[in-house]
file work-v9.cif (mmCIF, C-alpha atoms)
data_work
#
loop_
_atom_site.label_atom_id
_atom_site.label_comp_id
_atom_site.auth_asym_id
_atom_site.auth_seq_id
_atom_site.Cartn_x
_atom_site.Cartn_y
_atom_site.Cartn_z
CA GLU H 1 21.67 -1.66 5.61
CA VAL H 2 19.97 -1.04 2.30
CA GLN H 3 21.38 1.98 0.50
CA LEU H 4 20.34 3.50 -2.80
CA VAL H 5 22.31 6.47 -4.09
CA GLU H 6 21.17 8.31 -7.19
CA SER H 7 23.34 10.52 -9.37
CA GLY H 8 23.31 12.19 -12.75
CA GLY H 9 20.67 14.86 -12.28
CA GLY H 10 21.09 18.44 -13.36
CA LEU H 11 19.90 21.16 -15.71
CA VAL H 12 19.19 20.08 -19.29
CA GLN H 13 17.57 21.80 -22.25
CA PRO H 14 14.27 20.59 -23.68
CA GLY H 15 14.77 17.89 -26.29
CA ARG H 16 18.11 16.78 -24.89
CA SER H 17 19.03 13.60 -23.06
CA LEU H 18 20.21 12.68 -19.58
CA LYS H 19 21.14 9.42 -17.90
CA LEU H 20 20.54 8.79 -14.22
CA SER H 21 22.34 6.16 -12.17
CA CYS H 22 21.56 4.47 -8.89
CA ALA H 23 24.19 2.59 -6.89
CA ALA H 24 22.74 -0.09 -4.64
CA SER H 25 24.29 -1.74 -1.61
CA GLY H 26 23.31 -3.70 1.47
CA PHE H 27 21.27 -6.35 -0.34
CA THR H 28 21.55 -8.82 -3.21
CA PHE H 29 20.69 -6.47 -6.06
CA SER H 30 20.07 -9.18 -8.64
CA ASN H 31 17.25 -10.66 -6.54
CA TYR H 32 14.96 -7.64 -6.73
CA TYR H 33 12.90 -5.77 -9.25
CA MET H 34 13.89 -2.11 -9.24
CA ALA H 35 12.04 1.06 -10.15
CA TRP H 36 12.19 4.80 -10.68
CA VAL H 37 9.60 7.13 -9.16
CA ARG H 38 9.56 10.90 -9.66
CA GLN H 39 8.11 13.91 -7.89
CA ALA H 40 7.66 17.25 -9.61
CA PRO H 41 8.36 20.28 -7.38
CA LYS H 42 5.67 20.62 -4.73
CA LYS H 43 3.66 17.84 -6.38
CA GLY H 44 2.81 14.20 -5.73
CA LEU H 45 4.52 10.97 -6.69
CA GLU H 46 4.53 9.37 -10.14
CA TRP H 47 5.79 5.90 -11.02
CA VAL H 48 8.20 6.11 -13.98
CA ALA H 49 9.63 2.66 -14.71
CA THR H 50 10.19 -0.84 -13.36
CA ILE H 51 12.66 -3.52 -14.42
CA SER H 52 12.73 -7.24 -13.67
CA THR H 53 15.58 -8.99 -11.90
CA SER H 54 17.32 -10.02 -15.12
CA GLY H 55 16.43 -6.88 -17.00
CA SER H 56 14.46 -8.79 -19.60
CA ARG H 57 11.16 -7.13 -18.71
CA THR H 58 10.51 -3.43 -18.37
CA TYR H 59 7.36 -1.45 -17.67
CA TYR H 60 6.50 2.22 -18.19
CA PRO H 61 3.51 4.54 -18.00
CA ASP H 62 2.46 6.21 -21.25
CA SER H 63 3.89 9.55 -20.08
CA VAL H 64 7.47 8.30 -20.59
CA LYS H 65 7.09 5.24 -22.82
CA GLY H 66 9.28 5.53 -25.91
CA ARG H 67 11.40 8.30 -24.37
CA PHE H 68 12.76 6.72 -21.17
CA THR H 69 14.65 3.43 -20.85
CA ILE H 70 15.33 1.66 -17.58
CA SER H 71 18.25 -0.76 -17.41
CA ARG H 72 20.45 -2.47 -14.86
CA ASP H 73 23.88 -3.97 -14.41
CA ASN H 74 23.65 -6.71 -11.81
CA ALA H 75 27.43 -7.17 -11.74
CA LYS H 76 27.77 -3.55 -10.65
CA SER H 77 24.60 -3.43 -8.50
CA SER H 78 23.52 -0.44 -10.50
CA LEU H 79 20.26 0.83 -11.96
CA TYR H 80 19.96 3.36 -14.77
CA LEU H 81 17.38 5.59 -16.40
CA GLN H 82 18.13 6.92 -19.87
CA MET H 83 15.89 9.89 -20.54
CA ASN H 84 15.58 11.17 -24.12
CA SER H 85 13.54 13.96 -25.71
CA LEU H 86 13.13 15.62 -22.33
CA LYS H 87 10.24 17.98 -21.76
CA SER H 88 9.66 20.69 -19.17
CA GLU H 89 7.08 18.43 -17.52
CA ASP H 90 9.85 15.91 -16.80
CA THR H 91 11.30 18.34 -14.26
CA ALA H 92 11.27 16.44 -10.97
CA THR H 93 13.24 14.71 -8.28
CA TYR H 94 13.87 11.16 -9.46
CA TYR H 95 14.00 8.42 -6.83
CA CYS H 96 15.47 4.98 -7.25
CA ALA H 97 13.49 2.35 -5.35
CA ARG H 98 13.69 -1.33 -4.55
CA VAL H 99 10.49 -3.19 -5.36
CA ALA H 100 9.42 -5.57 -2.61
CA GLU H 101 6.46 -6.75 -0.61
CA GLY H 102 4.68 -7.58 -3.83
CA ARG H 103 4.74 -4.44 -5.91
CA GLY H 104 5.58 -1.79 -3.37
CA PHE H 105 8.61 0.44 -3.14
CA ALA H 106 10.23 -0.80 0.04
CA TYR H 107 13.38 1.34 0.02
CA TRP H 108 14.08 4.67 -1.61
CA GLY H 109 17.16 6.68 -2.41
CA GLN H 110 17.53 10.33 -1.51
CA GLY H 111 16.63 11.42 -5.04
CA THR H 112 18.33 13.41 -7.78
CA LEU H 113 16.84 16.59 -9.24
CA VAL H 114 16.36 16.92 -12.98
CA THR H 115 15.46 20.35 -14.31
CA VAL H 116 14.43 20.67 -17.95
CA SER H 117 14.62 24.27 -19.01
CA SER H 118 16.11 26.45 -21.72
CA ASP O 1 -5.59 4.37 -15.59
CA VAL O 2 -6.69 3.67 -12.01
CA VAL O 3 -7.40 6.93 -10.20
CA MET O 4 -6.59 6.94 -6.49
CA THR O 5 -8.60 9.54 -4.56
CA GLN O 6 -7.47 10.43 -1.05
CA THR O 7 -9.55 12.31 1.47
CA PRO O 8 -9.09 14.63 3.17
CA VAL O 9 -6.40 16.63 1.40
CA SER O 10 -5.19 17.97 4.73
CA LEU O 11 -5.74 17.00 8.32
CA SER O 12 -5.03 18.65 11.67
CA VAL O 13 -4.47 16.41 14.65
CA SER O 14 -3.46 16.82 18.27
CA LEU O 15 -0.45 14.99 19.64
CA GLY O 16 -1.64 11.77 21.18
CA GLY O 17 -4.84 11.83 19.17
CA GLN O 18 -6.17 9.49 16.52
CA THR O 19 -6.99 10.09 12.88
CA SER O 20 -7.70 8.28 9.64
CA ILE O 21 -7.15 8.81 5.92
CA SER O 22 -9.36 7.40 3.21
CA CYS O 23 -8.24 6.17 -0.20
CA ARG O 24 -10.66 5.15 -2.93
CA SER O 25 -9.69 3.58 -6.23
CA SER O 26 -11.61 3.93 -9.50
CA GLN O 27 -11.63 0.14 -9.92
CA SER O 28 -11.12 -2.89 -7.75
CA LEU O 29 -7.54 -3.48 -6.63
CA VAL O 30 -7.92 -7.24 -6.31
CA HIS O 31 -5.38 -8.78 -8.67
CA SER O 32 -6.02 -11.98 -10.59
CA ASP O 33 -3.44 -13.65 -8.31
CA GLY O 34 -5.69 -12.92 -5.32
CA ASN O 35 -3.53 -10.19 -3.83
CA THR O 36 -4.60 -6.59 -3.30
CA TYR O 37 -1.60 -4.39 -4.04
CA LEU O 38 -2.55 -1.34 -1.98
CA TYR O 39 0.20 0.46 -0.09
CA TRP O 40 0.61 3.48 2.16
CA TYR O 41 3.65 5.77 2.27
CA LEU O 42 4.68 8.70 4.44
CA GLN O 43 6.88 11.48 3.16
CA LYS O 44 8.25 13.55 6.01
CA PRO O 45 9.35 17.12 5.23
CA GLY O 46 12.54 17.16 3.20
CA GLN O 47 12.79 13.37 3.07
CA SER O 48 12.17 10.54 0.63
CA PRO O 49 8.92 8.60 0.99
CA GLN O 50 8.94 5.60 3.29
CA LEU O 51 6.78 2.50 3.15
CA LEU O 52 4.33 2.10 6.04
CA ILE O 53 1.77 -0.50 4.98
CA TYR O 54 1.87 -3.10 2.22
CA LYS O 55 -0.93 -5.13 0.69
CA VAL O 56 -3.67 -3.29 2.58
CA SER O 57 -2.91 -4.17 6.18
CA ASN O 58 0.66 -5.38 6.69
CA ARG O 59 3.05 -3.11 8.55
CA PHE O 60 6.47 -2.81 6.96
CA SER O 61 9.58 -3.58 9.00
CA GLY O 62 10.07 -1.12 11.84
CA VAL O 63 6.70 0.60 11.48
CA PRO O 64 5.04 1.06 14.87
CA ASP O 65 1.71 -0.59 15.60
CA ARG O 66 0.13 2.87 15.89
CA PHE O 67 -0.31 2.58 12.12
CA SER O 68 -2.93 0.23 10.75
CA GLY O 69 -4.41 -0.33 7.32
CA SER O 70 -7.73 -1.81 6.34
CA GLY O 71 -10.16 -2.07 3.47
CA SER O 72 -10.97 -4.10 0.41
CA GLY O 73 -11.93 -3.77 -3.22
CA THR O 74 -11.97 -0.03 -3.85
CA ASP O 75 -12.10 1.48 -0.35
CA PHE O 76 -9.14 1.63 1.98
CA THR O 77 -8.25 3.39 5.23
CA LEU O 78 -5.07 4.22 7.09
CA LYS O 79 -5.52 4.80 10.81
CA ILE O 80 -2.96 6.49 13.00
CA SER O 81 -3.39 6.33 16.75
CA ARG O 82 -1.45 8.13 19.50
CA VAL O 83 -0.07 10.61 16.96
CA GLU O 84 3.53 11.62 17.57
CA PRO O 85 5.52 14.56 16.12
CA GLU O 86 7.42 12.24 13.73
CA ASP O 87 4.12 11.21 12.10
CA LEU O 88 3.70 14.60 10.46
CA GLY O 89 4.09 14.86 6.71
CA VAL O 90 2.27 13.81 3.56
CA TYR O 91 0.66 10.38 3.30
CA TYR O 92 0.17 8.70 -0.06
CA CYS O 93 -1.77 5.62 -1.01
CA TYR O 94 -0.59 3.69 -4.05
CA GLN O 95 -1.81 0.80 -6.14
CA GLY O 96 0.37 -1.80 -7.85
CA THR O 97 -2.43 -4.00 -9.14
CA HIS O 98 -3.05 -2.38 -12.52
CA TYR O 99 -0.54 -0.83 -14.92
CA PRO O 100 0.28 1.98 -14.81
CA TRP O 101 0.91 1.88 -11.08
CA THR O 102 -0.58 5.02 -9.57
CA PHE O 103 -0.45 7.12 -6.41
CA GLY O 104 -3.09 9.11 -4.64
CA GLY O 105 -2.74 12.87 -4.49
CA GLY O 106 -1.58 12.87 -0.87
CA THR O 107 -2.92 13.89 2.52
CA LYS O 108 -0.97 16.39 4.58
CA LEU O 109 -1.01 15.69 8.31
CA GLU O 110 -0.36 18.72 10.47
CA LEU O 111 -0.46 19.52 14.15
CA LYS O 112 -3.54 21.22 15.55
#

call {"tool": "encode", "arguments": {"input": "work-v9.cif", "output": "structure tokens"}}
result
Amino acid sequence: EVQLVESGGGLVQPGRSLKLSCAASGFTFSNYYMAWVRQAPKKGLEWVATISTSGSRTYYPDSVKGRFTISRDNAKSSLYLQMNSLKSEDTATYYCARVAEGRGFAYWGQGTLVTVSS
Amino acid sequence: DVVMTQTPVSLSVSLGGQTSISCRSSQSLVHSDGNTYLYWYLQKPGQSPQLLIYKVSNRFSGVPDRFSGSGSGTDFTLKISRVEPEDLGVYYCYQGTHYPWTFGGGTKLELK
């Protein structure tokens, strides 16, 4: 059974940093692209980052480019999201997702809430 | 960025009934590799989103055949037949053809 478990969320002040983690199990982690998707409170979904199987290629929307960094450790079956220079508009539940079926998000974690506030 | 417009924003349906959701993209979703990376997700209350349909019309593993996707180019439709209580929630379309990948605003399906 595919499992994705996020951690690392919490309350952080604007301008500070936070690092999210996602522990994967139930599949061969190194074979799949992985991604982060977020959802602001009571809002829709926004793609945040994607990383290739080896980690050599990463992709971001302009809203987080230069501030967020996605990375992975295939030996540990773990995905990360380093978030710097956080803004109030980054407040959201962050989901870890396995990319499959082309470019879809086939499996999702339960999410971790990040609140950016002073 | 590709804008994904879903209609309607909300929908009331009777149990056992049929309904459909429309998703229109601001540009064609046909990729240069020939694929159309259009997906449908359902987010049930209090849960993470789940994949229903991938690449326009393919049901994901375990998704009942009451769900069907169709469309091409810029116009896509999700049809739900024989609606059951577990179908309620917010439906999102999503495109993975053009960066940045983008979602529609969502359609909330409620019971009539």

call {"tool": "interface_residues", "arguments": {"input": "work-v9.cif", "of": "chain H", "to": "chain O", "cutoff": "9 Å", "atoms": "all atoms listed in the file", "output": "VMD selection string"}}
result
chain H and resid 43 to 48 59 to 62 95 101 to 111

call {"tool": "resolve_selection", "arguments": {"input": "work-v9.cif", "expression": "the PyMOL selection byres ((chain H and resi 27-35) around 12)", "output": "PDB file with C-alpha atoms, in the coordinates of the input"}}
result
ATOM      1  CA  GLU H   1      21.670  -1.660   5.610  1.00  0.00           C
ATOM      2  CA  VAL H   2      19.970  -1.040   2.300  1.00  0.00           C
ATOM      3  CA  GLN H   3      21.380   1.980   0.500  1.00  0.00           C
ATOM      4  CA  LEU H   4      20.340   3.500  -2.800  1.00  0.00           C
ATOM      5  CA  SER H  21      22.340   6.160 -12.170  1.00  0.00           C
ATOM      6  CA  CYS H  22      21.560   4.470  -8.890  1.00  0.00           C
ATOM      7  CA  ALA H  23      24.190   2.590  -6.890  1.00  0.00           C
ATOM      8  CA  ALA H  24      22.740  -0.090  -4.640  1.00  0.00           C
ATOM      9  CA  SER H  25      24.290  -1.740  -1.610  1.00  0.00           C
ATOM     10  CA  GLY H  26      23.310  -3.700   1.470  1.00  0.00           C
ATOM     11  CA  TRP H  36      12.190   4.800 -10.680  1.00  0.00           C
ATOM     12  CA  VAL H  37       9.600   7.130  -9.160  1.00  0.00           C
ATOM     13  CA  ARG H  38       9.560  10.900  -9.660  1.00  0.00           C
ATOM     14  CA  GLU H  46       4.530   9.370 -10.140  1.00  0.00           C
ATOM     15  CA  TRP H  47       5.790   5.900 -11.020  1.00  0.00           C
ATOM     16  CA  VAL H  48       8.200   6.110 -13.980  1.00  0.00           C
ATOM     17  CA  ALA H  49       9.630   2.660 -14.710  1.00  0.00           C
ATOM     18  CA  THR H  50      10.190  -0.840 -13.360  1.00  0.00           C
ATOM     19  CA  ILE H  51      12.660  -3.520 -14.420  1.00  0.00           C
ATOM     20  CA  SER H  52      12.730  -7.240 -13.670  1.00  0.00           C
ATOM     21  CA  THR H  53      15.580  -8.990 -11.900  1.00  0.00           C
ATOM     22  CA  SER H  54      17.320 -10.020 -15.120  1.00  0.00           C
ATOM     23  CA  GLY H  55      16.430  -6.880 -17.000  1.00  0.00           C
ATOM     24  CA  SER H  56      14.460  -8.790 -19.600  1.00  0.00           C
ATOM     25  CA  ARG H  57      11.160  -7.130 -18.710  1.00  0.00           C
ATOM     26  CA  THR H  58      10.510  -3.430 -18.370  1.00  0.00           C
ATOM     27  CA  TYR H  59       7.360  -1.450 -17.670  1.00  0.00           C
ATOM     28  CA  TYR H  60       6.500   2.220 -18.190  1.00  0.00           C
ATOM     29  CA  THR H  69      14.650   3.430 -20.850  1.00  0.00           C
ATOM     30  CA  ILE H  70      15.330   1.660 -17.580  1.00  0.00           C
ATOM     31  CA  SER H  71      18.250  -0.760 -17.410  1.00  0.00           C
ATOM     32  CA  ARG H  72      20.450  -2.470 -14.860  1.00  0.00           C
ATOM     33  CA  ASP H  73      23.880  -3.970 -14.410  1.00  0.00           C
ATOM     34  CA  ASN H  74      23.650  -6.710 -11.810  1.00  0.00           C
ATOM     35  CA  ALA H  75      27.430  -7.170 -11.740  1.00  0.00           C
ATOM     36  CA  LYS H  76      27.770  -3.550 -10.650  1.00  0.00           C
ATOM     37  CA  SER H  77      24.600  -3.430  -8.500  1.00  0.00           C
ATOM     38  CA  SER H  78      23.520  -0.440 -10.500  1.00  0.00           C
ATOM     39  CA  LEU H  79      20.260   0.830 -11.960  1.00  0.00           C
ATOM     40  CA  TYR H  80      19.960   3.360 -14.770  1.00  0.00           C
ATOM     41  CA  LEU H  81      17.380   5.590 -16.400  1.00  0.00           C
ATOM     42  CA  TYR H  94      13.870  11.160  -9.460  1.00  0.00           C
ATOM     43  CA  TYR H  95      14.000   8.420  -6.830  1.00  0.00           C
ATOM     44  CA  CYS H  96      15.470   4.980  -7.250  1.00  0.00           C
ATOM     45  CA  ALA H  97      13.490   2.350  -5.350  1.00  0.00           C
ATOM     46  CA  ARG H  98      13.690  -1.330  -4.550  1.00  0.00           C
ATOM     47  CA  VAL H  99      10.490  -3.190  -5.360  1.00  0.00           C
ATOM     48  CA  ALA H 100       9.420  -5.570  -2.610  1.00  0.00           C
ATOM     49  CA  GLU H 101       6.460  -6.750  -0.610  1.00  0.00           C
ATOM     50  CA  GLY H 102       4.680  -7.580  -3.830  1.00  0.00           C
ATOM     51  CA  ARG H 103       4.740  -4.440  -5.910  1.00  0.00           C
ATOM     52  CA  GLY H 104       5.580  -1.790  -3.370  1.00  0.00           C
ATOM     53  CA  PHE H 105       8.610   0.440  -3.140  1.00  0.00           C
ATOM     54  CA  ALA H 106      10.230  -0.800   0.040  1.00  0.00           C
ATOM     55  CA  TYR H 107      13.380   1.340   0.020  1.00  0.00           C
ATOM     56  CA  TRP H 108      14.080   4.670  -1.610  1.00  0.00           C
ATOM     57  CA  GLY H 109      17.160   6.680  -2.410  1.00  0.00           C
TER      58      GLY H 109
ATOM     59  CA  TRP O 101       0.910   1.880 -11.080  1.00  0.00           C
TER      60      TRP O 101
END

call {"tool": "residues_around", "arguments": {"input": "work-v9.cif", "residues": "stretch 67-69 of chain O", "least_positions_apart": "4", "cutoff": "6 Å", "atoms": "only C-alpha atoms", "output": "number ranges by chain"}}
result
O: 56-57, 77-80

call {"tool": "resolve_selection", "arguments": {"input": "work-v9.cif", "expression": "the PyMOL selection byres ((chain H and resi 84) around 9)", "output": "list in words"}}
result
Gly15, Arg16, Ser17, Leu18, Lys19, Gly66, Arg67, Phe68, Thr69, Gln82, Met83, Ser85, Leu86 and Lys87 of chain H

call {"tool": "resolve_selection", "arguments": {"input": "work-v9.cif", "expression": "the PyMOL selection byres ((chain O and resi 10) around 7)", "output": "list of chain:residue names"}}
result
O:Pro8, O:Val9, O:Leu11, O:Ser12, O:Thr107, O:Lys108, O:Leu109

call {"tool": "atom_distance", "arguments": {"input": "work-v9.cif", "atom1": "atom CA of H:Val5", "atom2": "atom CA of O:Gln43"}}
result
17.8 Å

call {"tool": "residues_around", "arguments": {"input": "work-v9.cif", "residues": "stretch 16-23 of chain O", "least_positions_apart": "2", "cutoff": "7 Å", "atoms": "all atoms listed in the file", "output": "number ranges by chain"}}
result
O: 4-8, 13-14, 25, 75-84, 93

call {"tool": "write_last_selection", "arguments": {"input": "work-v9.cif", "atoms": "C-alpha atoms", "output": "PDB file, in the coordinates of the input"}}
result
ATOM      1  CA  MET O   4      -6.590   6.940  -6.490  1.00  0.00           C
ATOM      2  CA  THR O   5      -8.600   9.540  -4.560  1.00  0.00           C
ATOM      3  CA  GLN O   6      -7.470  10.430  -1.050  1.00  0.00           C
ATOM      4  CA  THR O   7      -9.550  12.310   1.470  1.00  0.00           C
ATOM      5  CA  PRO O   8      -9.090  14.630   3.170  1.00  0.00           C
ATOM      6  CA  VAL O  13      -4.470  16.410  14.650  1.00  0.00           C
ATOM      7  CA  SER O  14      -3.460  16.820  18.270  1.00  0.00           C
ATOM      8  CA  SER O  25      -9.690   3.580  -6.230  1.00  0.00           C
ATOM      9  CA  ASP O  75     -12.100   1.480  -0.350  1.00  0.00           C
ATOM     10  CA  PHE O  76      -9.140   1.630   1.980  1.00  0.00           C
ATOM     11  CA  THR O  77      -8.250   3.390   5.230  1.00  0.00           C
ATOM     12  CA  LEU O  78      -5.070   4.220   7.090  1.00  0.00           C
ATOM     13  CA  LYS O  79      -5.520   4.800  10.810  1.00  0.00           C
ATOM     14  CA  ILE O  80      -2.960   6.490  13.000  1.00  0.00           C
ATOM     15  CA  SER O  81      -3.390   6.330  16.750  1.00  0.00           C
ATOM     16  CA  ARG O  82      -1.450   8.130  19.500  1.00  0.00           C
ATOM     17  CA  VAL O  83      -0.070  10.610  16.960  1.00  0.00           C
ATOM     18  CA  GLU O  84       3.530  11.620  17.570  1.00  0.00           C
ATOM     19  CA  CYS O  93      -1.770   5.620  -1.010  1.00  0.00           C
TER      20      CYS O  93
END

call {"tool": "atom_distance", "arguments": {"input": "work-v9.cif", "atom1": "atom CA of O:Asp65", "atom2": "atom CA of O:Val3"}}
result
28.4 Å

call {"tool": "build_atoms", "arguments": {"input": "work-v9.cif", "residues": "stretch 96-107 of chain H", "atoms": "N, CA and C atoms", "output": "compact mmCIF listing (two decimals), in the frame of the given file"}}
result
# COMPACT_ATOMS: atom_id res chain seq x y z
N CYS H 96 15.24 6.38 -6.99
CA CYS H 96 15.47 4.98 -7.25
C CYS H 96 14.83 4.21 -6.11
N ALA H 97 14.17 3.09 -6.41
CA ALA H 97 13.49 2.35 -5.35
C ALA H 97 13.60 0.85 -5.57
N ARG H 98 13.69 0.13 -4.49
CA ARG H 98 13.69 -1.33 -4.55
C ARG H 98 12.25 -1.82 -4.44
N VAL H 99 11.85 -2.63 -5.37
CA VAL H 99 10.49 -3.19 -5.36
C VAL H 99 10.49 -4.40 -4.44
N ALA H 100 9.53 -4.44 -3.53
CA ALA H 100 9.42 -5.57 -2.61
C ALA H 100 8.01 -5.60 -2.04
N GLU H 101 7.78 -6.60 -1.21
CA GLU H 101 6.46 -6.75 -0.61
C GLU H 101 5.38 -6.75 -1.70
N GLY H 102 5.63 -7.52 -2.73
CA GLY H 102 4.68 -7.58 -3.83
C GLY H 102 5.07 -6.59 -4.91
N ARG H 103 4.46 -5.45 -4.89
CA ARG H 103 4.74 -4.44 -5.91
C ARG H 103 4.95 -3.07 -5.29
N GLY H 104 5.33 -3.06 -4.03
CA GLY H 104 5.58 -1.79 -3.37
C GLY H 104 7.01 -1.35 -3.50
N PHE H 105 7.26 -0.11 -3.11
CA PHE H 105 8.61 0.44 -3.14
C PHE H 105 9.10 0.44 -1.68
N ALA H 106 9.89 -0.58 -1.36
CA ALA H 106 10.23 -0.80 0.04
C ALA H 106 11.33 0.13 0.52
N TYR H 107 12.27 0.46 -0.34
CA TYR H 107 13.38 1.34 0.02
C TYR H 107 13.59 2.35 -1.10
